[in-house]
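Participant: Questions regarding the structure given below will be posed in turn.
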Amino acid sequence: MEDAQAQSGTGRRDVLRKLLVLGAAAPLAGALSGGQAATAQQRPALERIRAQAGLSAQQLAGQRVIFSYPGLTVPAALLQQITAGEAAGVIFFGENISGDAQIASAVSQLRQAQQQSPVPSPLLLMTDQEGGLVRRLPGAPVMSEKQIGQSANPATAAAQAGTGAGQNLASVGMNVNLAPVLDVFRKSGNFIDQFQRSYSSKAPTVTSCGQAFITAQQLTGVAATAKHFPGLGAATRSQDTDTGPVTLKVSLATLRSTDEAPYPAAISAGVRLIMASWAIYPALDASFPAGLSTAVIQGELRGRLGYQGVTITDALEAGALTAFGTSAQRAVLAAQAGMDLILCSARDVTQGQAVTLALASAYGSGQLNPAGFTAAVQRVTALRGTLH
């Protein structure tokens, strides 16, 4: 019986690898955006892909969810979620880390759970290691982005920081860094500058530093994440999306010439993930925050800038989303807008579980079209397949 189960599991893994990593489903789903409906001819084929891969709707949904947990000990519920094939990865915060050996042990536990799951791809194991004041691990990069931007040779310093960040994360088993910040700050001491998280108030400096950091870090095998698209550089000191709604009344011309200016270079450098901001940009969409906006994600980021990699939300529990329901409801809106990964960072495993169930339900009911859903899973799985 055990041998039969093992062979069955191996078979499912092989099928999933062929379908998702090698892109067998791409002709059906890859070109469709999250907002498009599958045709009557496509739906049965997409359902066959899901069935052949051996994944339930809930397991497919889990491939889009990043979990978090409280304290230093990995909860049994999270390990069970991963073993069941219902999680894409985990984000770590300062409260999860007491030292390199401790967090490396926690990462090893998570990886072992993944190896027992029906999903062959490595987990996305991530943290915010921007540099300076925003670091979850001690060590590189020691300099803040602002210090790098003010240095004698900013691009060289940024490359050194990228290498240092990647080596630091890789040394404890992490494979994704939620950095660099590509926001172009407007005034000293504003929201993004007060913790020295921006390279510069000049877009060309941010562009060159961001590209150098991304290139150098990804050479270490750790994926980089450009954030916070289309930009939080205009936010005042009190405009914090973590605590409440933020509207940035920046003209479309300024958004594109200043805030979005660093992104084409980041995309050319092959940045693996882009995180959307939770601010509202009336020049693009007066109703929805960027990470819930089809106009921003499908229109501006994927359409105008041609980005084909993985999109990831900012923290789903952010105060900026108060008007958009529960974490589960927000997650469905984000998926509808075209976000691939949903970041559940409330340090509560039940948050990620609720989001997984909601995405599975929306997928099963057709609220999230199967073509767009499959395309999102493909992008995430392709990313995971290149990491360790």
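Please note that chains go A, B, ... in the order of the structure tokens, that every chain numbers its residues from 1, and that ligands are numbered from 1 in the order shown.
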Give the strand (DSSP E) residues of range 251-340 of chain A, as assigned by DSSP on the backbone, as a count of residues only.

Facilitator: 14

Participant: What's the 8 Å shell around Ala84 in chain A, counting only C-alpha atoms, without same-chain residues fewer than 3 positions away, as a VMD selection string?

Facilitator: chain A and resid 59 80 to 81 117 to 118

Participant: Find the residues near range 143-154 of chain A: any atom within 7 Å, counting only C-alpha atoms, skip ones fewer than 6 places away on the same chain, and give them as a ChimeraX atom specification.

Facilitator: /A:131-133,196-200,205,209

Participant: For each of A:Ala382, A:Leu252, A:Ala337, A:Ala266, take the minimum atom-to-atom distance to Pro282 in chain A, counting only C-alpha atoms, then give the residue where this is smallest.

Facilitator: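 Of all the options, A:Leu252 lies closest to Pro282 in chain A.
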
Participant: With range 122-130 of chain A as the partner and 12 Å as the cut-off, tabulate the residues of range 278-350 of chain A that qualify, each row holding the nearest pair of atoms and their distance in Å to one decimal, using only C-alpha atoms, sorted by chain and rising number, as a tab-separated table.

Facilitator:
```
residue	atom	partner	partner_atom	distance
A:Val310	CA	A:Leu124	CA	11.9
A:Ile312	CA	A:Leu124	CA	11.8
A:Asp314	CA	A:Asp128	CA	11.5
A:Leu341	CA	A:Leu124	CA	10.4
A:Leu343	CA	A:Met126	CA	10.6
A:Ser345	CA	A:Thr127	CA	10.6
```

Participant: Considering only C-alpha atoms, tabulate each residue of range 215-299 of chain A that lies at most 6 Å from range 319-331 of chain A along with its nearest interatomic pair and the corresponding distance in Å to one decimal; arrange the rows by chain and ascending residue number and present them as CSV.

Facilitator:
```
residue,atom,partner,partner_atom,distance
A:Thr241,CA,A:Ala320,CA,4.9
A:Asp242,CA,A:Gly319,CA,5.0
A:Thr243,CA,A:Gly319,CA,4.3
A:Gly244,CA,A:Gly319,CA,4.2
A:Pro245,CA,A:Ala320,CA,3.8
```

Participant: Counting only C-alpha atoms, which of A:Gln116, A:Gln308, A:Thr294, A:Ser68 gets nearest to Phe93 in chain A?

Facilitator: A:Ser68

Participant: Nearest to Met339 in chain A: which of A:Ile297, A:Leu368, A:Ala203, A:Ala104 is it, counting only C-alpha atoms?

Facilitator: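 Of A:Ile297, A:Leu368, A:Ala203, A:Ala104, the one nearest Met339 in chain A is A:Ile297, counting only C-alpha atoms.
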